[in-house]
$ cat input-v7.cif   # mmCIF, C-alpha atoms, pLDDT in the B column; chains and numbers go by the auth columns
data_run
loop_
_atom_site.group_PDB
_atom_site.id
_atom_site.type_symbol
_atom_site.label_atom_id
_atom_site.label_comp_id
_atom_site.label_asym_id
_atom_site.label_seq_id
_atom_site.Cartn_x
_atom_site.Cartn_y
_atom_site.Cartn_z
_atom_site.B_iso_or_equiv
_atom_site.auth_seq_id
_atom_site.auth_asym_id
ATOM 1 C CA MET A 1 33.398 124.419 156.838 92.00 26 E
ATOM 2 C CA THR A 2 32.244 123.705 153.311 95.00 27 E
ATOM 3 C CA TYR A 3 34.095 121.062 151.350 96.00 28 E
ATOM 4 C CA ASN A 4 33.928 120.639 147.592 97.00 29 E
ATOM 5 C CA VAL A 5 33.944 116.974 146.766 97.00 30 E
ATOM 6 C CA GLN A 6 34.025 115.340 143.367 97.00 31 E
ATOM 7 C CA ILE A 7 32.788 111.806 142.915 98.00 32 E
ATOM 8 C CA LYS A 8 33.502 109.792 139.807 97.00 33 E
ATOM 9 C CA VAL A 9 31.149 106.864 139.207 98.00 34 E
ATOM 10 C CA MET A 10 32.261 104.548 136.408 98.00 35 E
ATOM 11 C CA PRO A 11 31.121 101.175 135.077 97.00 36 E
ATOM 12 C CA LEU A 12 33.260 98.326 136.443 97.00 37 E
ATOM 13 C CA LYS A 13 36.234 97.532 134.206 94.00 38 E
ATOM 14 C CA ASP A 14 35.066 93.979 133.490 94.00 39 E
ATOM 15 C CA LEU A 15 31.659 95.069 132.255 94.00 40 E
ATOM 16 C CA LEU A 16 30.652 96.132 128.781 94.00 41 E
ATOM 17 C CA ASP A 17 29.773 99.806 128.470 96.00 42 E
ATOM 18 C CA PRO A 18 27.172 100.151 125.693 96.00 43 E
ATOM 19 C CA GLN A 19 27.019 103.948 126.019 96.00 44 E
ATOM 20 C CA GLY A 20 30.776 104.147 125.513 97.00 45 E
ATOM 21 C CA LYS A 21 30.565 101.817 122.514 97.00 46 E
ATOM 22 C CA ALA A 22 27.864 104.037 120.980 97.00 47 E
ATOM 23 C CA ILE A 23 30.030 107.139 121.449 97.00 48 E
ATOM 24 C CA LEU A 24 32.991 105.321 119.880 97.00 49 E
ATOM 25 C CA GLY A 25 30.810 104.527 116.855 97.00 50 E
ATOM 26 C CA GLY A 26 29.718 108.160 116.658 97.00 51 E
ATOM 27 C CA LEU A 27 33.317 109.378 116.797 97.00 52 E
ATOM 28 C CA ASN A 28 34.293 107.027 113.986 96.00 53 E
ATOM 29 C CA ASN A 29 31.401 108.327 111.910 96.00 54 E
ATOM 30 C CA LEU A 30 32.729 111.848 112.479 95.00 55 E
ATOM 31 C CA GLY A 31 36.111 110.766 111.126 95.00 56 E
ATOM 32 C CA ILE A 32 37.898 110.688 114.486 95.00 57 E
ATOM 33 C CA ASN A 33 39.735 107.373 114.300 94.00 58 E
ATOM 34 C CA THR A 34 42.547 107.799 116.798 96.00 59 E
ATOM 35 C CA ILE A 35 40.307 107.074 119.774 96.00 60 E
ATOM 36 C CA GLN A 36 40.372 103.379 120.646 95.00 61 E
ATOM 37 C CA ASP A 37 38.177 103.048 123.679 96.00 62 E
ATOM 38 C CA VAL A 38 35.484 105.089 125.405 97.00 63 E
ATOM 39 C CA ARG A 39 33.878 104.544 128.776 97.00 64 E
ATOM 40 C CA VAL A 40 31.196 106.762 130.206 98.00 65 E
ATOM 41 C CA GLY A 41 30.226 107.330 133.789 98.00 66 E
ATOM 42 C CA LYS A 42 28.913 110.067 136.028 97.00 67 E
ATOM 43 C CA HIS A 43 30.755 112.986 137.527 98.00 68 E
ATOM 44 C CA ILE A 44 29.090 114.383 140.625 98.00 69 E
ATOM 45 C CA THR A 45 30.166 117.452 142.583 97.00 70 E
ATOM 46 C CA LEU A 46 28.961 117.873 146.141 97.00 71 E
ATOM 47 C CA GLN A 47 29.156 120.756 148.584 97.00 72 E
ATOM 48 C CA ILE A 48 29.338 119.305 152.062 97.00 73 E
ATOM 49 C CA ASP A 49 29.105 121.163 155.344 96.00 74 E
ATOM 50 C CA ALA A 50 31.262 119.306 157.831 95.00 75 E
ATOM 51 C CA ALA A 51 33.538 119.938 160.775 96.00 76 E
ATOM 52 C CA SER A 52 36.463 118.053 159.252 95.00 77 E
ATOM 53 C CA GLU A 53 37.592 116.527 156.004 95.00 78 E
ATOM 54 C CA GLU A 54 37.149 113.103 157.551 95.00 79 E
ATOM 55 C CA GLU A 55 33.509 113.834 158.346 95.00 80 E
ATOM 56 C CA ALA A 56 32.931 115.179 154.840 96.00 81 E
ATOM 57 C CA ARG A 57 34.498 112.052 153.369 96.00 82 E
ATOM 58 C CA LYS A 58 32.217 109.907 155.478 96.00 83 E
ATOM 59 C CA ALA A 59 29.142 111.778 154.176 96.00 84 E
ATOM 60 C CA ALA A 60 30.346 111.478 150.575 97.00 85 E
ATOM 61 C CA ASP A 61 31.020 107.784 151.067 97.00 86 E
ATOM 62 C CA GLU A 62 27.584 107.199 152.553 96.00 87 E
ATOM 63 C CA ALA A 63 25.912 109.135 149.714 97.00 88 E
ATOM 64 C CA SER A 64 27.850 107.106 147.130 97.00 89 E
ATOM 65 C CA LYS A 65 27.000 103.775 148.710 96.00 90 E
ATOM 66 C CA LYS A 66 23.327 104.539 149.318 96.00 91 E
ATOM 67 C CA LEU A 67 22.367 106.531 146.264 97.00 92 E
ATOM 68 C CA LEU A 68 24.986 107.558 143.745 97.00 93 E
ATOM 69 C CA ALA A 69 26.640 104.296 142.726 97.00 94 E
ATOM 70 C CA ASN A 70 25.317 100.802 142.111 96.00 95 E
ATOM 71 C CA PRO A 71 28.105 98.515 143.421 95.00 96 E
ATOM 72 C CA VAL A 72 26.958 95.636 141.213 96.00 97 E
ATOM 73 C CA MET A 73 27.835 97.577 138.074 96.00 98 E
ATOM 74 C CA GLU A 74 29.850 100.605 139.148 97.00 99 E
ATOM 75 C CA PHE A 75 32.769 101.742 141.253 97.00 100 E
ATOM 76 C CA TYR A 76 33.317 105.216 142.633 98.00 101 E
ATOM 77 C CA GLU A 77 36.220 107.456 143.592 97.00 102 E
ATOM 78 C CA ILE A 78 36.007 110.424 145.944 97.00 103 E
ATOM 79 C CA GLU A 79 38.289 113.409 145.516 96.00 104 E
ATOM 80 C CA PHE A 80 38.541 116.666 147.450 95.00 105 E
ATOM 81 C CA VAL A 81 39.079 119.932 145.606 90.00 106 E
ATOM 82 C CA ASN A 82 39.690 123.270 147.212 72.00 107 E
ATOM 83 C CA MET B 1 51.637 105.890 122.050 92.00 9 R
ATOM 84 C CA THR B 2 48.396 105.398 123.890 95.00 10 R
ATOM 85 C CA TYR B 3 47.177 108.217 126.102 96.00 11 R
ATOM 86 C CA ASN B 4 44.528 107.884 128.778 97.00 12 R
ATOM 87 C CA VAL B 5 42.393 110.980 128.797 97.00 13 R
ATOM 88 C CA GLN B 6 39.600 111.890 131.180 97.00 14 R
ATOM 89 C CA ILE B 7 36.953 114.361 130.146 98.00 15 R
ATOM 90 C CA LYS B 8 34.590 115.930 132.632 98.00 16 R
ATOM 91 C CA VAL B 9 31.403 117.360 131.128 98.00 17 R
ATOM 92 C CA MET B 10 29.330 119.416 133.571 98.00 18 R
ATOM 93 C CA PRO B 11 26.280 121.665 133.300 97.00 19 R
ATOM 94 C CA LEU B 12 27.232 125.357 133.108 97.00 20 R
ATOM 95 C CA LYS B 13 27.401 126.989 136.539 94.00 21 R
ATOM 96 C CA ASP B 14 24.617 129.470 135.766 94.00 22 R
ATOM 97 C CA LEU B 15 22.135 126.804 134.747 94.00 23 R
ATOM 98 C CA LEU B 16 19.807 124.819 136.937 94.00 24 R
ATOM 99 C CA ASP B 17 20.677 121.150 137.235 96.00 25 R
ATOM 100 C CA PRO B 18 17.420 119.224 137.770 96.00 26 R
ATOM 101 C CA GLN B 19 19.212 115.873 138.076 96.00 27 R
ATOM 102 C CA GLY B 20 21.389 117.278 140.839 97.00 28 R
ATOM 103 C CA LYS B 21 18.345 118.734 142.597 97.00 29 R
ATOM 104 C CA ALA B 22 16.647 115.318 142.449 97.00 30 R
ATOM 105 C CA ILE B 23 19.700 113.631 143.974 97.00 31 R
ATOM 106 C CA LEU B 24 19.817 116.274 146.706 97.00 32 R
ATOM 107 C CA GLY B 25 16.167 115.498 147.521 97.00 33 R
ATOM 108 C CA GLY B 26 16.952 111.792 147.611 97.00 34 R
ATOM 109 C CA LEU B 27 19.885 112.340 149.945 97.00 35 R
ATOM 110 C CA ASN B 28 17.715 114.374 152.308 96.00 36 R
ATOM 111 C CA ASN B 29 15.137 111.588 152.295 96.00 37 R
ATOM 112 C CA LEU B 30 17.912 109.187 153.280 96.00 38 R
ATOM 113 C CA GLY B 31 18.751 111.408 156.242 95.00 39 R
ATOM 114 C CA ILE B 32 21.975 112.827 154.797 95.00 40 R
ATOM 115 C CA ASN B 33 21.570 116.526 155.543 94.00 41 R
ATOM 116 C CA THR B 34 25.129 117.823 155.470 96.00 42 R
ATOM 117 C CA ILE B 35 25.220 117.954 151.669 96.00 43 R
ATOM 118 C CA GLN B 36 24.170 121.399 150.428 95.00 44 R
ATOM 119 C CA ASP B 37 24.497 121.227 146.682 96.00 45 R
ATOM 120 C CA VAL B 38 24.748 118.532 144.041 97.00 46 R
ATOM 121 C CA ARG B 39 25.598 118.868 140.384 97.00 47 R
ATOM 122 C CA VAL B 40 25.748 115.957 137.991 98.00 48 R
ATOM 123 C CA GLY B 41 27.628 115.627 134.741 98.00 49 R
ATOM 124 C CA LYS B 42 29.394 113.015 132.673 97.00 50 R
ATOM 125 C CA HIS B 43 32.797 111.511 133.189 98.00 51 R
ATOM 126 C CA ILE B 44 34.286 110.068 130.013 98.00 52 R
ATOM 127 C CA THR B 45 37.565 108.193 129.708 97.00 53 R
ATOM 128 C CA LEU B 46 39.204 107.874 126.310 97.00 54 R
ATOM 129 C CA GLN B 47 42.128 105.822 125.065 97.00 55 R
ATOM 130 C CA ILE B 48 43.771 107.779 122.294 97.00 56 R
ATOM 131 C CA ASP B 49 46.519 106.585 119.943 95.00 57 R
ATOM 132 C CA ALA B 50 48.624 109.597 119.104 95.00 58 R
ATOM 133 C CA ALA B 51 52.217 110.560 118.390 96.00 59 R
ATOM 134 C CA SER B 52 52.314 113.257 121.047 95.00 60 R
ATOM 135 C CA GLU B 53 50.312 114.540 123.983 95.00 61 R
ATOM 136 C CA GLU B 54 49.485 117.629 121.952 95.00 62 R
ATOM 137 C CA GLU B 55 47.971 115.501 119.191 95.00 63 R
ATOM 138 C CA ALA B 56 46.003 113.481 121.726 96.00 64 R
ATOM 139 C CA ARG B 57 44.699 116.682 123.307 96.00 65 R
ATOM 140 C CA LYS B 58 43.608 117.903 119.897 96.00 66 R
ATOM 141 C CA ALA B 59 41.658 114.688 119.287 96.00 67 R
ATOM 142 C CA ALA B 60 40.024 114.869 122.728 97.00 68 R
ATOM 143 C CA ASP B 61 39.128 118.506 122.161 97.00 69 R
ATOM 144 C CA GLU B 62 37.601 117.746 118.772 96.00 70 R
ATOM 145 C CA ALA B 63 35.612 114.831 120.220 97.00 71 R
ATOM 146 C CA SER B 64 34.353 117.032 123.052 97.00 72 R
ATOM 147 C CA LYS B 65 33.308 119.845 120.758 96.00 73 R
ATOM 148 C CA LYS B 66 31.667 117.662 118.127 96.00 74 R
ATOM 149 C CA LEU B 67 30.020 114.963 120.198 97.00 75 R
ATOM 150 C CA LEU B 68 30.586 114.791 123.940 97.00 76 R
ATOM 151 C CA ALA B 69 29.574 118.223 125.192 97.00 77 R
ATOM 152 C CA ASN B 70 26.805 120.611 124.244 96.00 78 R
ATOM 153 C CA PRO B 71 28.382 124.080 124.613 95.00 79 R
ATOM 154 C CA VAL B 72 24.986 125.737 125.077 96.00 80 R
ATOM 155 C CA MET B 73 24.450 123.875 128.332 96.00 81 R
ATOM 156 C CA GLU B 74 27.751 122.277 129.309 97.00 82 R
ATOM 157 C CA PHE B 75 31.449 122.928 129.721 97.00 83 R
ATOM 158 C CA TYR B 76 34.205 120.347 129.598 98.00 84 R
ATOM 159 C CA GLU B 77 37.653 119.812 131.059 97.00 85 R
ATOM 160 C CA ILE B 78 40.304 117.517 129.629 97.00 86 R
ATOM 161 C CA GLU B 79 42.822 115.831 131.887 96.00 87 R
ATOM 162 C CA PHE B 80 45.628 113.405 131.107 95.00 88 R
ATOM 163 C CA VAL B 81 46.271 110.439 133.386 90.00 89 R
ATOM 164 C CA ASN B 82 49.134 108.011 133.042 72.00 90 R
#

$ encode --input "input-v7.cif" --output "structure tokens"
Amino acid sequence: MTYNVQIKVMPLKDLLDPQGKAILGGLNNLGINTIQDVRVGKHITLQIDAASEEEARKAADEASKKLLANPVMEFYEIEFVN
Amino acid sequence: MTYNVQIKVMPLKDLLDPQGKAILGGLNNLGINTIQDVRVGKHITLQIDAASEEEARKAADEASKKLLANPVMEFYEIEFVN
């Protein structure tokens, strides 16, 4: 079966996010002042062939740990959509 | 009130996603062969000060249109989390 998996990779909460700060500055320059904080990460969608949801989750977890996220600076969340 | 808003910005479905293709190649090199397709976009979280959810959605929509997403190549989805 094919599972659609979404992985969110975001900078750790304790770390500065310079890209987010830059976007916040850009928004202020555009006159949008109601936005107080911006953080930017990656959104990755995977299509996984697996026998069960558990197996698919294991593949997504392995991919996140080995390639998609840098645990020193980022955390990730895996979500199934169908 | 402060609203936490998540915006997902992804490449349009009809377009090639070279970054996703590169990740797919990397995953195969790592021996992860169950993953068939990868697409990569941005995940942006905003903190918005607004009187109502409708007002917050308007601000998020404006920010997406003007700065966060390029409608020629990307679509976006806004989601509220609380």

$ calpha_fit_and_write --input "input-v7.cif" --fixed "chain R" --moving "chain E" --output "compact mmCIF listing (two decimals) with C-alpha atoms, in the frame of the given file"
# COMPACT_ATOMS: atom_id res chain seq x y z
CA MET E 26 51.64 105.88 122.05
CA THR E 27 48.38 105.40 123.89
CA TYR E 28 47.17 108.22 126.10
CA ASN E 29 44.53 107.88 128.79
CA VAL E 30 42.40 110.98 128.81
CA GLN E 31 39.60 111.88 131.17
CA ILE E 32 36.96 114.37 130.15
CA LYS E 33 34.58 115.93 132.62
CA VAL E 34 31.40 117.37 131.11
CA MET E 35 29.34 119.43 133.55
CA PRO E 36 26.28 121.67 133.28
CA LEU E 37 27.24 125.35 133.10
CA LYS E 38 27.40 126.99 136.53
CA ASP E 39 24.63 129.48 135.75
CA LEU E 40 22.15 126.81 134.74
CA LEU E 41 19.80 124.84 136.94
CA ASP E 42 20.67 121.16 137.24
CA PRO E 43 17.42 119.24 137.79
CA GLN E 44 19.20 115.88 138.08
CA GLY E 45 21.39 117.28 140.85
CA LYS E 46 18.35 118.74 142.61
CA ALA E 47 16.63 115.33 142.47
CA ILE E 48 19.69 113.63 143.99
CA LEU E 49 19.81 116.28 146.73
CA GLY E 50 16.16 115.50 147.53
CA GLY E 51 16.95 111.79 147.61
CA LEU E 52 19.88 112.33 149.96
CA ASN E 53 17.71 114.36 152.32
CA ASN E 54 15.13 111.58 152.31
CA LEU E 55 17.90 109.17 153.30
CA GLY E 56 18.75 111.39 156.26
CA ILE E 57 21.96 112.81 154.81
CA ASN E 58 21.56 116.52 155.54
CA THR E 59 25.12 117.81 155.47
CA ILE E 60 25.22 117.96 151.68
CA GLN E 61 24.17 121.39 150.43
CA ASP E 62 24.51 121.22 146.69
CA VAL E 63 24.76 118.52 144.04
CA ARG E 64 25.60 118.86 140.37
CA VAL E 65 25.75 115.96 137.98
CA GLY E 66 27.62 115.63 134.74
CA LYS E 67 29.39 113.02 132.68
CA HIS E 68 32.80 111.52 133.18
CA ILE E 69 34.29 110.07 130.01
CA THR E 70 37.57 108.18 129.71
CA LEU E 71 39.20 107.87 126.32
CA GLN E 72 42.13 105.83 125.06
CA ILE E 73 43.78 107.78 122.28
CA ASP E 74 46.51 106.59 119.95
CA ALA E 75 48.63 109.60 119.09
CA ALA E 76 52.21 110.55 118.38
CA SER E 77 52.30 113.25 121.05
CA GLU E 78 50.32 114.54 123.98
CA GLU E 79 49.49 117.62 121.94
CA GLU E 80 47.97 115.50 119.19
CA ALA E 81 46.00 113.47 121.72
CA ARG E 82 44.70 116.67 123.29
CA LYS E 83 43.61 117.91 119.90
CA ALA E 84 41.65 114.68 119.28
CA ALA E 85 40.04 114.87 122.73
CA ASP E 86 39.14 118.50 122.15
CA GLU E 87 37.60 117.75 118.77
CA ALA E 88 35.61 114.82 120.22
CA SER E 89 34.34 117.03 123.05
CA LYS E 90 33.31 119.85 120.76
CA LYS E 91 31.67 117.66 118.13
CA LEU E 92 30.02 114.96 120.19
CA LEU E 93 30.58 114.79 123.92
CA ALA E 94 29.57 118.23 125.18
CA ASN E 95 26.78 120.61 124.23
CA PRO E 96 28.38 124.08 124.59
CA VAL E 97 24.99 125.74 125.07
CA MET E 98 24.45 123.89 128.34
CA GLU E 99 27.75 122.29 129.29
CA PHE E 100 31.45 122.94 129.70
CA TYR E 101 34.20 120.36 129.58
CA GLU E 102 37.66 119.83 131.04
CA ILE E 103 40.31 117.52 129.62
CA GLU E 104 42.83 115.83 131.88
CA PHE E 105 45.64 113.40 131.11
CA VAL E 106 46.28 110.45 133.40
CA ASN E 107 49.16 108.05 133.12

$ closest_residue --input "input-v7.cif" --among "R:Gln27, R:Asn37, R:Thr10, R:Thr42" --to "chain E" --atoms "only C-alpha atoms"
R:Thr42

$ atom_distance --input "input-v7.cif" --atom1 "CA of Gln14 (chain R)" --atom2 "CA of Ile86 (chain R)"
5.9 Å

$ closest_residue --input "input-v7.cif" --among "E:His68, E:Lys91, E:Lys46, E:Lys38" --to "chain R" --atoms "only C-alpha atoms"
E:His68

$ interface_residues --input "input-v7.cif" --of "chain E" --to "chain R" --cutoff "7 Å" --atoms "only C-alpha atoms" --output "compact mmCIF listing (two decimals) with C-alpha atoms, in the frame of the given file"
# COMPACT_ATOMS: atom_id res chain seq x y z
CA LYS E 33 33.50 109.79 139.81
CA LEU E 52 33.32 109.38 116.80
CA THR E 59 42.55 107.80 116.80
CA ILE E 60 40.31 107.07 119.77
CA GLN E 61 40.37 103.38 120.65
CA ASP E 62 38.18 103.05 123.68
CA VAL E 63 35.48 105.09 125.40
CA ARG E 64 33.88 104.54 128.78
CA VAL E 65 31.20 106.76 130.21
CA GLY E 66 30.23 107.33 133.79
CA LYS E 67 28.91 110.07 136.03
CA HIS E 68 30.76 112.99 137.53
CA ILE E 69 29.09 114.38 140.62
CA THR E 70 30.17 117.45 142.58
CA LEU E 71 28.96 117.87 146.14
CA GLN E 72 29.16 120.76 148.58
CA ILE E 73 29.34 119.30 152.06
CA ASP E 74 29.10 121.16 155.34
CA ALA E 75 31.26 119.31 157.83
CA ALA E 88 25.91 109.14 149.71

$ resolve_selection --input "input-v7.cif" --expression "the PyMOL selection byres ((chain R and resi 22) around 12)" --output "list in words"
Met18, Pro19, Leu20, Lys21, Leu23, Leu24, Asp25, Arg47, Val80, Met81, Glu82 and Phe83 of chain R

$ write_last_selection --input "input-v7.cif" --atoms "C-alpha atoms" --output "PDB file, keeping the file's coordinate frame"
ATOM      1  CA  MET R  18      29.330 119.416 133.571  1.00 98.00           C
ATOM      2  CA  PRO R  19      26.280 121.665 133.300  1.00 97.00           C
ATOM      3  CA  LEU R  20      27.232 125.357 133.108  1.00 97.00           C
ATOM      4  CA  LYS R  21      27.401 126.989 136.539  1.00 94.00           C
ATOM      5  CA  LEU R  23      22.135 126.804 134.747  1.00 94.00           C
ATOM      6  CA  LEU R  24      19.807 124.819 136.937  1.00 94.00           C
ATOM      7  CA  ASP R  25      20.677 121.150 137.235  1.00 96.00           C
ATOM      8  CA  ARG R  47      25.598 118.868 140.384  1.00 97.00           C
ATOM      9  CA  VAL R  80      24.986 125.737 125.077  1.00 96.00           C
ATOM     10  CA  MET R  81      24.450 123.875 128.332  1.00 96.00           C
ATOM     11  CA  GLU R  82      27.751 122.277 129.309  1.00 97.00           C
ATOM     12  CA  PHE R  83      31.449 122.928 129.721  1.00 97.00           C
TER      13      PHE R  83
END
